[in-house]
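A.B. asks: One file is attached below, model13.txt, containing compact mmCIF, C-alpha atoms (C1' of nucleotides).
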```txt
# COMPACT_ATOMS: atom_id res chain seq x y z
CA MET A 1342 -31.32 -29.26 -22.44
CA SER A 1343 -31.07 -25.54 -22.31
CA THR A 1344 -29.84 -22.96 -24.74
CA SER A 1345 -27.94 -21.14 -22.04
CA GLY A 1346 -24.87 -20.83 -24.17
CA GLN A 1347 -26.78 -18.62 -26.55
CA PRO A 1348 -25.70 -14.98 -26.41
CA GLN A 1349 -28.06 -12.18 -25.56
CA PHE A 1350 -29.05 -10.27 -28.64
CA ARG A 1351 -29.76 -6.60 -28.80
CA TYR A 1352 -33.26 -5.45 -28.08
CA THR A 1353 -34.28 -8.87 -26.91
CA GLN A 1354 -33.22 -8.72 -23.31
CA THR A 1355 -35.76 -9.73 -20.78
CA PRO A 1356 -37.02 -6.90 -18.61
CA SER A 1357 -35.39 -6.36 -15.26
CA LYS A 1358 -35.99 -3.79 -12.59
CA VAL A 1359 -32.27 -3.11 -12.91
CA LEU A 1360 -31.34 -0.90 -15.83
CA HIS A 1361 -27.94 -0.71 -17.42
CA LEU A 1362 -26.95 2.80 -18.50
CA ARG A 1363 -24.00 3.50 -20.74
CA ASN A 1364 -22.30 6.40 -22.46
CA LEU A 1365 -22.55 8.39 -19.28
CA PRO A 1366 -20.08 11.18 -18.62
CA TRP A 1367 -17.34 9.65 -16.59
CA GLU A 1368 -17.79 12.12 -13.77
CA CYS A 1369 -21.46 11.25 -13.42
CA ILE A 1370 -22.59 11.02 -9.83
CA GLU A 1371 -25.41 9.15 -8.19
CA GLU A 1372 -27.57 12.25 -7.84
CA GLU A 1373 -27.60 12.68 -11.58
CA LEU A 1374 -28.69 9.10 -12.10
CA ILE A 1375 -31.51 9.59 -9.65
CA GLU A 1376 -32.57 12.83 -11.32
CA LEU A 1377 -32.75 11.04 -14.63
CA CYS A 1378 -34.61 7.99 -13.43
CA LYS A 1379 -36.89 9.10 -10.62
CA PRO A 1380 -39.70 10.32 -12.90
CA PHE A 1381 -40.34 6.67 -13.65
CA GLY A 1382 -40.38 5.29 -10.16
CA LYS A 1383 -38.59 4.90 -6.91
CA ILE A 1384 -34.89 4.03 -7.09
CA VAL A 1385 -33.73 1.64 -4.43
CA ASN A 1386 -30.11 1.31 -5.47
CA THR A 1387 -27.57 2.65 -7.92
CA LYS A 1388 -24.05 1.94 -8.97
CA CYS A 1389 -22.27 4.54 -11.01
CA ASN A 1390 -18.83 5.00 -12.54
CA VAL A 1391 -18.84 1.38 -13.60
CA GLY A 1392 -16.40 -0.08 -16.07
CA ALA A 1393 -12.89 0.80 -17.04
CA ASN A 1394 -14.04 4.16 -18.36
CA ARG A 1395 -16.37 4.74 -15.45
CA ASN A 1396 -19.04 5.64 -17.93
CA GLN A 1397 -21.62 3.02 -17.16
CA ALA A 1398 -24.09 2.70 -14.35
CA PHE A 1399 -26.86 0.59 -12.94
CA VAL A 1400 -30.12 1.78 -11.50
CA GLU A 1401 -32.52 -0.43 -9.64
CA PHE A 1402 -36.22 0.42 -9.34
CA THR A 1403 -38.53 -0.94 -6.71
CA ASP A 1404 -40.51 -2.83 -9.29
CA LEU A 1405 -40.29 -4.05 -12.82
CA ASN A 1406 -43.01 -1.84 -14.27
CA GLN A 1407 -41.08 1.30 -13.41
CA ALA A 1408 -38.07 0.03 -15.28
CA ILE A 1409 -40.23 -0.98 -18.22
CA ASN A 1410 -41.79 2.47 -18.24
CA MET A 1411 -38.43 4.13 -18.46
CA VAL A 1412 -37.10 1.88 -21.19
CA THR A 1413 -40.24 2.16 -23.31
CA TYR A 1414 -40.44 5.89 -22.79
CA TYR A 1415 -36.97 6.52 -24.11
CA ALA A 1416 -37.39 3.90 -26.83
CA SER A 1417 -40.04 6.08 -28.43
CA SER A 1418 -39.05 9.52 -27.25
CA SER A 1419 -37.65 12.07 -29.62
CA GLU A 1420 -35.58 13.45 -26.75
CA PRO A 1421 -32.93 10.98 -25.68
CA ALA A 1422 -32.05 10.48 -22.07
CA GLN A 1423 -29.19 12.79 -21.20
CA VAL A 1424 -26.75 13.45 -18.41
CA ARG A 1425 -24.63 16.58 -18.67
CA GLY A 1426 -25.63 16.87 -22.29
CA LYS A 1427 -24.52 13.39 -23.22
CA THR A 1428 -27.01 10.92 -24.61
CA VAL A 1429 -27.41 8.01 -22.27
CA TYR A 1430 -28.29 4.58 -23.60
CA ILE A 1431 -30.59 2.57 -21.43
CA GLN A 1432 -31.43 -1.10 -21.46
CA TYR A 1433 -32.41 -3.81 -19.07
CA SER A 1434 -29.58 -5.21 -17.11
CA ASN A 1435 -28.97 -8.90 -17.37
CA ARG A 1436 -29.04 -9.03 -13.60
CA HIS A 1437 -32.04 -8.54 -11.41
CA GLU A 1438 -30.53 -6.74 -8.52
CA ILE A 1439 -27.61 -4.49 -7.86
CA VAL A 1440 -25.16 -6.22 -5.63
CA ASN A 1441 -22.47 -4.75 -3.50
CA ASN A 1442 -23.20 -1.20 -4.30
CA LYS A 1443 -20.55 0.32 -2.15
CA GLY A 1444 -17.14 -1.12 -1.59
CA PRO A 1445 -14.92 0.27 1.15
CA GLY A 1446 -13.18 2.58 -1.28
CA ASP A 1447 -16.47 4.13 -2.34
CA VAL A 1448 -17.42 5.51 1.04
CA PRO A 1449 -16.58 9.18 0.79
CA GLY A 1450 -14.19 10.68 3.28
CA ASN A 1451 -11.59 13.39 3.53
CA VAL A 1452 -8.67 11.06 2.88
CA LEU A 1453 -7.98 9.67 -0.57
CA LEU A 1454 -6.12 6.50 -1.34
CA VAL A 1455 -4.24 7.11 -4.55
CA THR A 1456 -2.56 4.33 -6.46
CA ILE A 1457 -0.08 5.57 -9.00
CA GLU A 1458 0.13 2.86 -11.58
CA GLY A 1459 3.24 2.00 -13.49
CA VAL A 1460 5.75 3.88 -11.39
CA GLU A 1461 8.26 3.12 -8.72
CA ALA A 1462 8.34 5.04 -5.50
CA GLY A 1463 11.31 7.06 -6.66
CA ASP A 1464 9.59 8.24 -9.82
CA VAL A 1465 6.99 10.46 -8.27
CA SER A 1466 8.13 12.72 -5.51
CA ILE A 1467 5.85 13.65 -2.69
CA ASP A 1468 6.16 17.24 -3.85
CA VAL A 1469 4.71 16.37 -7.21
CA ILE A 1470 1.83 14.61 -5.51
CA HIS A 1471 1.34 17.62 -3.29
CA LEU A 1472 1.36 19.95 -6.26
CA VAL A 1473 -1.16 17.90 -8.18
CA PHE A 1474 -3.62 17.53 -5.35
CA SER A 1475 -3.24 21.03 -3.98
CA ALA A 1476 -5.17 22.26 -7.00
CA PHE A 1477 -8.34 21.21 -5.22
CA GLY A 1478 -7.72 22.60 -1.80
CA PHE A 1479 -5.34 22.62 1.08
CA VAL A 1480 -3.61 19.30 1.44
CA HIS A 1481 -3.14 18.60 5.12
CA LYS A 1482 -1.02 15.48 5.04
CA ILE A 1483 0.46 12.97 2.65
CA ALA A 1484 1.83 9.54 3.38
CA THR A 1485 3.27 7.40 0.63
CA PHE A 1486 4.15 3.75 0.65
CA GLU A 1487 4.63 0.79 -1.59
CA LYS A 1488 2.62 -2.35 -1.60
CA ALA A 1489 1.45 -5.01 -3.97
CA ALA A 1490 -0.92 -2.64 -5.75
CA GLY A 1491 1.99 -0.36 -6.55
CA PHE A 1492 3.06 3.02 -5.34
CA GLN A 1493 0.35 4.49 -3.18
CA ALA A 1494 -0.35 7.67 -1.33
CA LEU A 1495 -2.85 8.68 1.29
CA ILE A 1496 -3.82 12.29 0.84
CA GLN A 1497 -5.69 14.11 3.53
CA PHE A 1498 -7.93 17.05 2.75
CA SER A 1499 -9.94 19.24 5.07
CA ASP A 1500 -13.21 17.63 4.17
CA ALA A 1501 -14.89 15.00 2.07
CA GLU A 1502 -16.13 17.56 -0.46
CA THR A 1503 -12.63 18.66 -1.36
CA ALA A 1504 -11.45 15.08 -1.49
CA ALA A 1505 -14.35 14.17 -3.76
CA ALA A 1506 -13.54 17.05 -6.09
CA ALA A 1507 -9.97 15.85 -6.38
CA ARG A 1508 -11.05 12.27 -6.87
CA ASP A 1509 -13.62 13.09 -9.51
CA ALA A 1510 -11.18 15.22 -11.43
CA LEU A 1511 -8.11 13.02 -11.22
CA ASP A 1512 -9.26 9.42 -11.07
CA GLY A 1513 -8.09 7.69 -14.21
CA ARG A 1514 -5.95 10.64 -15.26
CA SER A 1515 -2.22 10.87 -15.52
CA ILE A 1516 0.23 13.09 -13.79
CA PRO A 1517 1.57 15.53 -16.40
CA ARG A 1518 4.63 14.25 -18.16
CA TYR A 1519 6.76 17.21 -17.35
CA LEU A 1520 6.43 16.48 -13.68
CA LEU A 1521 7.81 12.98 -14.16
CA PRO A 1522 11.20 11.52 -14.94
CA ASP A 1523 11.70 10.78 -18.61
CA HIS A 1524 11.79 7.04 -18.21
CA VAL A 1525 8.28 6.89 -16.82
CA GLY A 1526 5.80 5.80 -19.43
CA SER A 1527 2.30 6.38 -18.25
CA CYS A 1528 1.22 6.73 -14.67
CA HIS A 1529 -2.49 6.62 -14.23
CA LEU A 1530 -4.01 7.59 -10.95
CA ARG A 1531 -6.55 5.26 -9.40
CA ILE A 1532 -8.28 6.99 -6.58
CA SER A 1533 -10.58 5.67 -3.93
CA TYR A 1534 -11.48 6.80 -0.48
CA SER A 1535 -9.55 5.73 2.53
CA ALA A 1536 -11.29 4.89 5.76
CA HIS A 1537 -8.82 7.13 7.52
CA THR A 1538 -9.88 10.57 8.65
CA ASP A 1539 -6.65 11.83 10.14
CA LEU A 1540 -3.22 10.52 9.23
CA ASN A 1541 -0.67 10.35 11.97
CA ILE A 1542 2.51 11.68 10.40
CA LYS A 1543 5.46 11.47 12.75
CA PHE A 1544 8.17 13.02 10.60
CA GLN A 1545 8.62 15.10 7.53
CA SER A 1546 10.41 12.85 5.12
CA HIS A 1547 10.59 11.91 1.49
CA ARG A 1548 7.70 9.58 2.17
CA SER A 1549 5.45 11.56 4.42
CA ARG A 1550 4.55 15.14 5.00
CA ASP A 1551 2.36 17.05 7.40
CA TYR A 1552 1.65 20.45 5.90
CA THR A 1553 -0.31 21.55 8.95
CA ASN A 1554 2.78 21.32 11.10
CA PRO A 1555 5.90 22.79 9.51
CA TYR A 1556 7.80 22.36 12.75
CA LEU A 1557 7.41 18.63 12.74
CA PRO A 1558 10.92 17.20 12.94
CA VAL A 1559 12.57 16.05 9.78
CA ASN A 1560 13.59 12.46 9.83
CA PRO A 1561 17.20 12.71 8.68
CA THR A 1562 17.40 9.11 7.62
CA ALA A 1563 14.50 9.60 5.33
CA ILE A 1564 16.06 12.31 3.21
CA GLU A 1565 17.37 11.15 -0.12
CA GLY A 1566 21.09 10.93 -0.32
CA PHE A 1567 21.55 11.32 3.38
CA ALA A 1568 21.18 7.74 4.36
CA GLN A 1569 24.27 5.63 4.57
CA PRO A 1570 24.38 2.15 5.96
CA ALA A 1571 25.20 2.12 9.62
CA VAL A 1572 28.40 0.25 10.10
CA GLY A 1573 29.57 -1.25 13.32
CA PRO A 1574 33.15 -1.34 14.58
CA ASP A 1575 33.68 -4.70 12.93
CA GLY A 1576 32.71 -3.27 9.59
CA LYS A 1577 29.50 -5.24 9.45
CA LYS A 1578 26.11 -3.73 9.05
CA LYS A 1579 24.87 -2.79 12.45
CA GLU A 1580 21.30 -3.32 13.39
CA PRO A 1581 19.83 -0.81 15.74
CA GLU A 1582 18.03 -2.34 18.66
CA SER A 1583 14.30 -2.40 18.58
CA THR A 1584 11.37 -3.49 20.63
CA VAL A 1585 10.24 -5.44 17.59
CA LEU A 1586 11.94 -8.64 16.56
CA LEU A 1587 11.88 -10.05 13.07
CA ALA A 1588 11.79 -13.83 13.12
CA SER A 1589 12.50 -15.87 10.04
CA ILE A 1590 11.31 -19.40 10.38
CA GLU A 1591 13.39 -22.00 8.64
CA ASN A 1592 12.43 -25.58 7.89
CA MET A 1593 8.85 -24.98 8.74
CA GLN A 1594 7.52 -28.52 8.73
CA TYR A 1595 4.76 -27.65 11.14
CA ALA A 1596 2.35 -24.80 11.15
CA VAL A 1597 3.49 -21.92 13.29
CA THR A 1598 0.50 -20.03 14.53
CA VAL A 1599 0.17 -16.77 16.35
CA ASP A 1600 -0.56 -18.75 19.48
CA VAL A 1601 2.57 -20.84 19.13
CA LEU A 1602 4.73 -17.76 18.73
CA HIS A 1603 3.02 -16.09 21.63
CA THR A 1604 3.83 -19.03 23.83
CA VAL A 1605 7.46 -19.16 22.74
CA PHE A 1606 8.19 -15.47 22.99
CA SER A 1607 6.20 -14.87 26.17
CA ALA A 1608 8.88 -16.75 28.08
CA PHE A 1609 10.96 -13.56 28.11
CA GLY A 1610 8.34 -10.96 28.83
CA THR A 1611 5.06 -9.55 27.76
CA VAL A 1612 4.42 -9.92 24.08
CA GLN A 1613 2.43 -6.96 22.83
CA LYS A 1614 1.85 -7.73 19.20
CA ILE A 1615 2.55 -10.44 16.66
CA ALA A 1616 2.25 -10.48 12.92
CA ILE A 1617 2.98 -13.43 10.65
CA PHE A 1618 3.57 -13.06 6.94
CA GLU A 1619 5.13 -14.72 3.95
CA LYS A 1620 8.30 -13.27 2.54
CA ASN A 1621 10.26 -14.63 -0.39
CA GLY A 1622 8.58 -17.98 -0.06
CA GLY A 1623 9.42 -18.27 3.61
CA THR A 1624 7.52 -17.47 6.73
CA GLN A 1625 8.45 -14.54 8.91
CA ALA A 1626 6.96 -12.97 11.96
CA LEU A 1627 7.26 -9.75 13.85
CA ILE A 1628 7.09 -9.87 17.61
CA GLN A 1629 6.78 -6.71 19.63
CA TYR A 1630 7.84 -6.31 23.23
CA PRO A 1631 7.28 -3.29 25.45
CA ASP A 1632 10.99 -2.54 25.74
CA VAL A 1633 14.27 -3.10 23.98
CA THR A 1634 15.77 -5.02 26.88
CA THR A 1635 13.17 -7.73 26.74
CA ALA A 1636 13.49 -7.93 23.01
CA ALA A 1637 17.26 -8.24 23.31
CA VAL A 1638 16.98 -11.05 25.82
CA ALA A 1639 14.49 -12.92 23.69
CA LYS A 1640 16.59 -12.40 20.59
CA ASP A 1641 19.76 -13.77 22.17
CA ALA A 1642 18.00 -16.64 23.85
CA LEU A 1643 16.06 -17.84 20.85
CA GLU A 1644 18.43 -17.16 17.99
CA GLY A 1645 19.13 -20.35 16.11
CA HIS A 1646 16.81 -22.40 18.27
CA CYS A 1647 13.95 -24.49 17.02
CA ILE A 1648 10.35 -24.23 18.03
CA TYR A 1649 9.98 -27.97 17.65
CA ASP A 1650 12.52 -30.70 18.31
CA GLY A 1651 14.26 -32.26 15.37
CA GLY A 1652 15.38 -29.05 13.75
CA TYR A 1653 11.91 -28.01 12.78
CA CYS A 1654 10.88 -24.38 12.64
CA LYS A 1655 14.29 -22.95 13.33
CA LEU A 1656 14.25 -19.32 14.36
CA HIS A 1657 16.53 -16.60 13.05
CA LEU A 1658 16.06 -13.34 14.82
CA SER A 1659 16.95 -9.79 14.06
CA TYR A 1660 15.70 -6.42 15.09
CA SER A 1661 12.94 -5.04 12.95
CA ARG A 1662 12.96 -1.44 11.90
CA HIS A 1663 9.40 -1.18 13.04
CA THR A 1664 8.88 0.47 16.36
CA ASP A 1665 5.21 -0.16 16.76
CA LEU A 1666 3.35 -2.71 14.73
CA ASN A 1667 0.01 -1.84 13.35
CA VAL A 1668 -1.78 -5.12 13.25
CA LYS A 1669 -5.29 -6.38 13.19
CA ALA A 1670 -6.17 -6.99 16.78
CA TYR A 1671 -7.34 -10.48 16.08
CA SER A 1672 -6.77 -12.49 12.96
CA ASP A 1673 -5.18 -15.77 12.06
CA LYS A 1674 -1.99 -13.97 11.12
CA SER A 1675 -1.78 -11.25 13.69
CA ARG A 1676 -2.67 -10.36 17.22
CA ASP A 1677 -2.62 -7.26 19.32
CA TYR A 1678 -2.49 -8.31 22.94
CA THR A 1679 -2.59 -4.73 24.14
CA ILE A 1680 -6.18 -4.43 23.04
CA PRO A 1681 -8.64 -5.70 25.62
CA GLU A 1682 -10.93 -8.24 24.04
CA SER A 1683 -13.92 -6.28 25.21
CA SER A 1684 -12.93 -3.39 22.98
CA LEU A 1685 -12.14 -5.42 19.91
CA LEU A 1686 -15.40 -4.41 18.35
CA ALA A 1687 -14.69 -0.77 18.97
CA MET A 1688 -11.46 -1.23 17.04
CA GLN A 1689 -13.39 -0.88 13.83
CA GLN A 1690 -12.80 2.84 13.80
CA ALA A 1691 -9.34 2.95 15.26
CA PRO A 1692 -6.96 5.17 13.36
CA THR A 1693 -3.79 3.90 11.89
CA ALA A 1694 -0.60 4.99 13.52
CA TRP A 1695 1.95 5.96 10.94
CA GLU A 1696 4.88 4.71 12.83
CA ASN A 1697 8.30 5.88 12.14
CA ARG A 1698 11.23 3.61 12.25
CA PRO A 1699 14.25 4.24 14.37
CA PRO A 1700 17.34 5.56 12.65
CA ALA A 1701 18.19 2.64 10.44
CA PRO A 1702 19.71 3.97 7.30
CA MET A 1703 20.33 0.63 5.72
CA TYR A 1704 16.63 0.23 5.30
CA GLN A 1705 15.48 2.45 2.53
CA GLY A 1706 12.06 0.95 2.50
CA SER A 1707 8.94 2.25 4.03
CA GLU A 1708 8.98 3.64 7.49
CA PHE A 1709 5.32 3.11 7.92
CA GLY A 1710 3.67 0.37 9.80
CA ALA A 1711 0.57 0.03 7.76
CA GLY A 1712 -1.15 0.66 4.52
CA GLY A 1713 -4.35 2.43 3.85
CA ALA A 1714 -7.81 1.09 3.52
CA VAL A 1715 -7.28 -0.66 0.28
CA PRO A 1716 -10.35 -2.19 -1.26
CA GLY A 1717 -10.07 -5.87 -0.70
CA GLN A 1718 -7.56 -5.45 2.01
CA ALA A 1719 -9.63 -3.70 4.61
CA PRO A 1720 -13.18 -4.80 3.94
CA GLY A 1721 -15.90 -2.78 5.46
CA GLY A 1722 -13.67 0.17 6.12
CA GLN A 1723 -12.09 -1.49 9.06
CA VAL A 1724 -8.68 -1.04 10.47
CA PRO A 1725 -6.13 -1.57 7.77
CA SER A 1726 -4.10 -4.64 8.27
CA TRP A 1727 -0.43 -4.60 8.75
CA ASP A 1728 1.34 -5.01 5.48
CA PRO A 1729 3.99 -7.67 5.18
CA ASN A 1730 5.43 -6.00 2.12
CA MET A 1731 6.60 -3.22 4.36
CA GLN A 1732 9.12 -5.32 6.16
CA ALA A 1733 11.97 -5.89 3.80
CA GLY A 1734 11.98 -2.54 2.15
CA ARG A 1735 13.95 -1.79 -0.93
CA PRO A 1736 17.65 -1.66 -0.45
CA ASN A 1737 18.19 -0.13 -3.83
CA PHE A 1738 15.85 2.75 -3.61
CA VAL A 1739 16.21 4.89 -6.69
CA SER A 1740 17.06 8.42 -5.86
CA ALA A 1741 14.70 11.06 -7.05
CA PRO A 1742 16.42 14.11 -8.46
CA GLY A 1743 14.54 16.58 -6.34
CA THR A 1744 14.90 16.33 -2.64
CA PHE A 1745 12.19 17.72 -0.52
CA ARG A 1746 14.23 20.68 0.54
CA SER A 1747 15.02 21.94 -2.91
CA GLN A 1748 11.59 21.40 -4.34
CA THR A 1749 9.60 24.50 -4.90
CA TYR A 1750 5.86 24.57 -4.82
CA ALA A 1751 4.67 26.08 -8.02
CA PRO A 1752 1.65 28.26 -7.42
CA SER A 1753 -0.07 27.33 -10.62
CA ALA A 1754 -1.58 23.96 -11.18
CA PRO A 1755 -0.37 21.59 -13.84
CA ALA A 1756 -2.23 20.61 -16.93
CA TYR A 1757 -3.28 17.03 -17.13
CA ALA A 1758 -2.52 14.70 -19.91
CA THR A 1759 -5.60 12.75 -20.70
CA GLY A 1760 -7.25 10.87 -23.44
CA SER A 1761 -10.55 12.40 -22.51
CA HIS A 1762 -11.93 15.61 -23.77
CA GLN A 1763 -13.40 17.37 -20.81
CA PRO A 1764 -13.00 21.10 -20.97
CA ASN A 1765 -14.71 21.53 -17.67
CA VAL A 1766 -12.97 22.32 -14.49
CA GLY A 1767 -14.25 22.13 -10.98
CA PRO A 1768 -16.56 19.15 -11.16
CA GLY A 1769 -20.05 19.28 -9.83
CA GLY A 1770 -20.21 23.04 -9.89
CA ALA A 1771 -18.18 23.22 -6.75
CA SER A 1772 -15.34 25.62 -7.18
CA PRO A 1773 -12.39 24.20 -5.35
CA PRO A 1774 -10.05 26.60 -3.68
CA GLY A 1775 -6.83 27.20 -5.48
CA GLN A 1776 -6.26 27.01 -9.15
CA PRO A 1777 -8.12 24.21 -10.82
CA PRO A 1778 -6.16 22.41 -13.47
CA TYR A 1779 -7.05 22.47 -17.09
CA TYR A 1780 -7.79 19.26 -18.84
CA ARG A 1781 -7.16 18.62 -22.40
C1' DA B 1410 -22.04 2.62 -26.79
C1' DG B 1411 -22.87 -3.22 -24.71
C1' DC B 1412 -23.14 -5.45 -17.75
C1' DA B 1413 -20.55 -4.38 -11.82
C1' DC B 1414 -15.60 -8.13 -8.95
C1' DA B 1415 -16.14 -6.96 -3.51
```
Taking this structure as input, can you express it in the form of C-alpha cells?
C.D. replies:
Amino acid sequence: MSTSGQPQFRYTQTPSKVLHLRNLPWECIEEELIELCKPFGKIVNTKCNVGANRNQAFVEFTDLNQAINMVTYYASSSEPAQVRGKTVYIQYSNRHEIVNNKGPGDVPGNVLLVTIEGVEAGDVSIDVIHLVFSAFGFVHKIATFEKAAGFQALIQFSDAETAAAARDALDGRSIPRYLLPDHVGSCHLRISYSAHTDLNIKFQSHRSRDYTNPYLPVNPTAIEGFAQPAVGPDGKKKEPESTVLLASIENMQYAVTVDVLHTVFSAFGTVQKIAIFEKNGGTQALIQYPDVTTAAVAKDALEGHCIYDGGYCKLHLSYSRHTDLNVKAYSDKSRDYTIPESSLLAMQQAPTAWENRPPAPMYQGSEFGAGGAVPGQAPGGQVPSWDPNMQAGRPNFVSAPGTFRSQTYAPSAPAYATGSHQPNVGPGGASPPGQPPYYR
DNA sequence: AGCACA
C-alpha cells in the first residue's frame, strides 16, 4: 500500500545530488552551469538545454551534501542564482542521477544536421539555407535530403566552433518569412551535430553544393526544370542501367533475409552490398554488383521468379538509381561484403559517401545514398545507415521558383523571426565571421 | 518558472 500516485508538492521534494535548474537562458552552455554550481562542490555530470525551450538543465554533484548546500544557500540568499543575468530557479531533481548526458547529436563537430520542420524540400532552396548559415562563417558544403524527420540538411563549417555558433543562434528559430514561399507556415530549425566531418559532394545540384570547389561539375538532371522523363523508343519510361538492382518482393510468406538474398543473387556474380527495407507496406531490397553487366544478367534471369517454390517471395527487378549503396556493413537489414570483417570495427568512423545517381531524370527524389547522423538513427555517432526513404523519391517534386543559377547571394544576413527576445548577437562572446543576424 | 527520451 503505497501513496505513489501522490504528486510531488513544491518545496517538499526529497534531496537529490541531482539539481533541476529552470528559467535558464536558452543559449546556456555547460560551462556556465559549472561556473554557477562549482562553488558548492564537484560536478560530475550536467545536461543543459533541456526541454522544449531548452531553458532547463540538470547538474549532478558528487554527493548529496553539496547539492543540499547549493539549494539551501540560494533558498536564503538575497542574491538569486543567475546565468547571463537571468534568475535561475534551483530545486532537487526527482531523479538521482543524470542519465544519457550526451546523445549522438550533442557531440560537437563541424557539421550540423539541420531539420527544417514543416516544409517540403521544394520550399526552402539550398541558397536560402546557405544564406542563413553563412552568417556564422564560411559554409563549405551543404547536402539536403528528405527523410522521415522531414527536410534535412547537413551543413559543413570549417570548425566545430563556427558550427556551434550557428547551432546556438539558430536552433529553435525560424527562417525569415521573406525567404520562404508564401504558403509555408512556420519552419523551425532543429539543429544537432552530425558525426560527419567532411561531406563528399559529387555534384553541384539543387540538393547539394560544395562551395570550396566551384568547378565541381553541375549535375544537369538535378537542376529544377531541366529534368524530363527519359523515354525509350517505345514511348515507355526508360530505366538507365545500374550496378544496383531494386528488388520488390511479392507474396512474401517467408522471411527474406540478407543471407537469403545474398545466396540468390550471388549466382550471377559477386554481390557487393545488400539493403532490405519496407516500402509502401511491401518489402524491397537493393542489391549491388560491381558492374552493370552482372546486374543486367541477374535482373533478366531473376525477374518474375520466386525465391521459394509455390509462388512465394516473387521477385520484381528494376535498376535502382543508386550507384553505390551506403549501408551498414553488418546489420539484420543490410550488408556490405566489400568490407573485410576484420575492419568492421574500424568502420565506426567511416565517412558517408554522398553518392550521385546516374542520369535518371524520372527520379526527382534524392540522389544521395545516405542520411546524416540522426539521433536515434545512428547511435553512438556511428556510420549512418542507409535510408530506405531515399529509394522511391518524389515524382512530383515541387519546383522552387529560384533555381540555383539565378539565385544571388545577398551579402547581408537576414533577420530572424522568433518568439524570443534576445537582442544579443554572436553567442558566447565569439564573434563569428561575416555579418551576424539580428534577432528580434 | 516545474524534470531529460536516447
A.B. asks: Could the residues of chain B within 7 Å of chain A, counting all atoms listed in the file, be given as a PDB file with C-alpha atoms (C1' of nucleotides), in the frame of the given file, please?
C.D. replies:
```pdb
ATOM      1  C1'  DA B1410     -22.040   2.620 -26.790  1.00  0.00           C
ATOM      2  C1'  DC B1412     -23.140  -5.450 -17.750  1.00  0.00           C
ATOM      3  C1'  DA B1413     -20.550  -4.380 -11.820  1.00  0.00           C
ATOM      4  C1'  DA B1415     -16.140  -6.960  -3.510  1.00  0.00           C
TER       5       DA B1415
END
```
A.B. asks: Figure out the distance between CA of Ser1475 (chain A) and CA of Tyr1552 (chain A), please, to one decimal in Å.
C.D. replies: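 If I compute the distance from CA of Tyr1552 (chain A) to CA of Ser1475 (chain A), I get 11.0 Å.
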A.B. asks: If I take CA of Gln1407 (chain A) and CA of Phe1381 (chain A), how far is one from the other in Å, to one decimal?
C.D. replies: 5.4 Å
A.B. asks: So how many Å separate CA of Leu1666 (chain A) and CA of Gln1625 (chain A), to one decimal?
C.D. replies: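 One can read the CA of Leu1666 (chain A) to CA of Gln1625 (chain A) distance as 14.1 Å.
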A.B. asks: Taking 2 positions as the minimum chain separation for residues in the same chain, which residues sit within 6 Å of region 1525-1536 of chain A when counting only C-alpha atoms (C1' of nucleotides)? Answer as a list of chain:residue names.
C.D. replies: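 Final neighbour list, sorted by chain and number: A:Gly1446, A:Asp1447, A:Pro1449, A:Val1452, A:Leu1453, A:Leu1454, A:Val1455, A:Thr1456, A:Ile1457, A:Glu1458, A:Gly1459, A:Arg1508, A:Asp1512, A:Gly1513, A:Arg1514, A:Ser1515, A:Pro1522, A:Asp1523, A:Ala1714, A:Gly1722.
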A.B. asks: Using all atoms listed in the file, determine which residues lie at most 8 Å from Asn1592 (chain A), disregarding the query and same-chain residues fewer than 3 positions distant; provide the list as a PyMOL selection string.
C.D. replies: chain A and resi 1652-1655
A.B. asks: Take region 1460-1471 of chain A, bring it up to N, CA and C atoms, and give me the output as a PDB file, keeping the file's coordinate frame.
C.D. replies:
```
ATOM      1  N   VAL A1460       4.569   3.135 -11.817  1.00  0.00           N
ATOM      2  CA  VAL A1460       5.750   3.880 -11.390  1.00  0.00           C
ATOM      3  C   VAL A1460       6.367   3.205 -10.166  1.00  0.00           C
ATOM      4  N   GLU A1461       7.603   3.521  -9.942  1.00  0.00           N
ATOM      5  CA  GLU A1461       8.260   3.120  -8.720  1.00  0.00           C
ATOM      6  C   GLU A1461       8.208   4.295  -7.754  1.00  0.00           C
ATOM      7  N   ALA A1462       8.462   3.998  -6.520  1.00  0.00           N
ATOM      8  CA  ALA A1462       8.340   5.040  -5.500  1.00  0.00           C
ATOM      9  C   ALA A1462       9.244   6.229  -5.798  1.00  0.00           C
ATOM     10  N   GLY A1463      10.380   5.965  -6.405  1.00  0.00           N
ATOM     11  CA  GLY A1463      11.310   7.060  -6.660  1.00  0.00           C
ATOM     12  C   GLY A1463      10.916   7.938  -7.827  1.00  0.00           C
ATOM     13  N   ASP A1464       9.938   7.501  -8.607  1.00  0.00           N
ATOM     14  CA  ASP A1464       9.590   8.240  -9.820  1.00  0.00           C
ATOM     15  C   ASP A1464       8.739   9.464  -9.550  1.00  0.00           C
ATOM     16  N   VAL A1465       7.920   9.378  -8.563  1.00  0.00           N
ATOM     17  CA  VAL A1465       6.990  10.460  -8.270  1.00  0.00           C
ATOM     18  C   VAL A1465       7.291  10.983  -6.871  1.00  0.00           C
ATOM     19  N   SER A1466       7.785  12.181  -6.817  1.00  0.00           N
ATOM     20  CA  SER A1466       8.130  12.720  -5.510  1.00  0.00           C
ATOM     21  C   SER A1466       6.863  13.150  -4.778  1.00  0.00           C
ATOM     22  N   ILE A1467       6.982  13.238  -3.505  1.00  0.00           N
ATOM     23  CA  ILE A1467       5.850  13.650  -2.690  1.00  0.00           C
ATOM     24  C   ILE A1467       5.476  15.099  -3.017  1.00  0.00           C
ATOM     25  N   ASP A1468       6.445  15.863  -3.473  1.00  0.00           N
ATOM     26  CA  ASP A1468       6.160  17.240  -3.850  1.00  0.00           C
ATOM     27  C   ASP A1468       5.299  17.324  -5.100  1.00  0.00           C
ATOM     28  N   VAL A1469       5.553  16.413  -6.016  1.00  0.00           N
ATOM     29  CA  VAL A1469       4.710  16.370  -7.210  1.00  0.00           C
ATOM     30  C   VAL A1469       3.281  15.988  -6.829  1.00  0.00           C
ATOM     31  N   ILE A1470       3.163  15.012  -5.972  1.00  0.00           N
ATOM     32  CA  ILE A1470       1.830  14.610  -5.510  1.00  0.00           C
ATOM     33  C   ILE A1470       1.138  15.787  -4.830  1.00  0.00           C
ATOM     34  N   HIS A1471       1.906  16.472  -3.997  1.00  0.00           N
ATOM     35  CA  HIS A1471       1.340  17.620  -3.290  1.00  0.00           C
ATOM     36  C   HIS A1471       0.876  18.691  -4.277  1.00  0.00           C
TER      37      HIS A1471
END
```
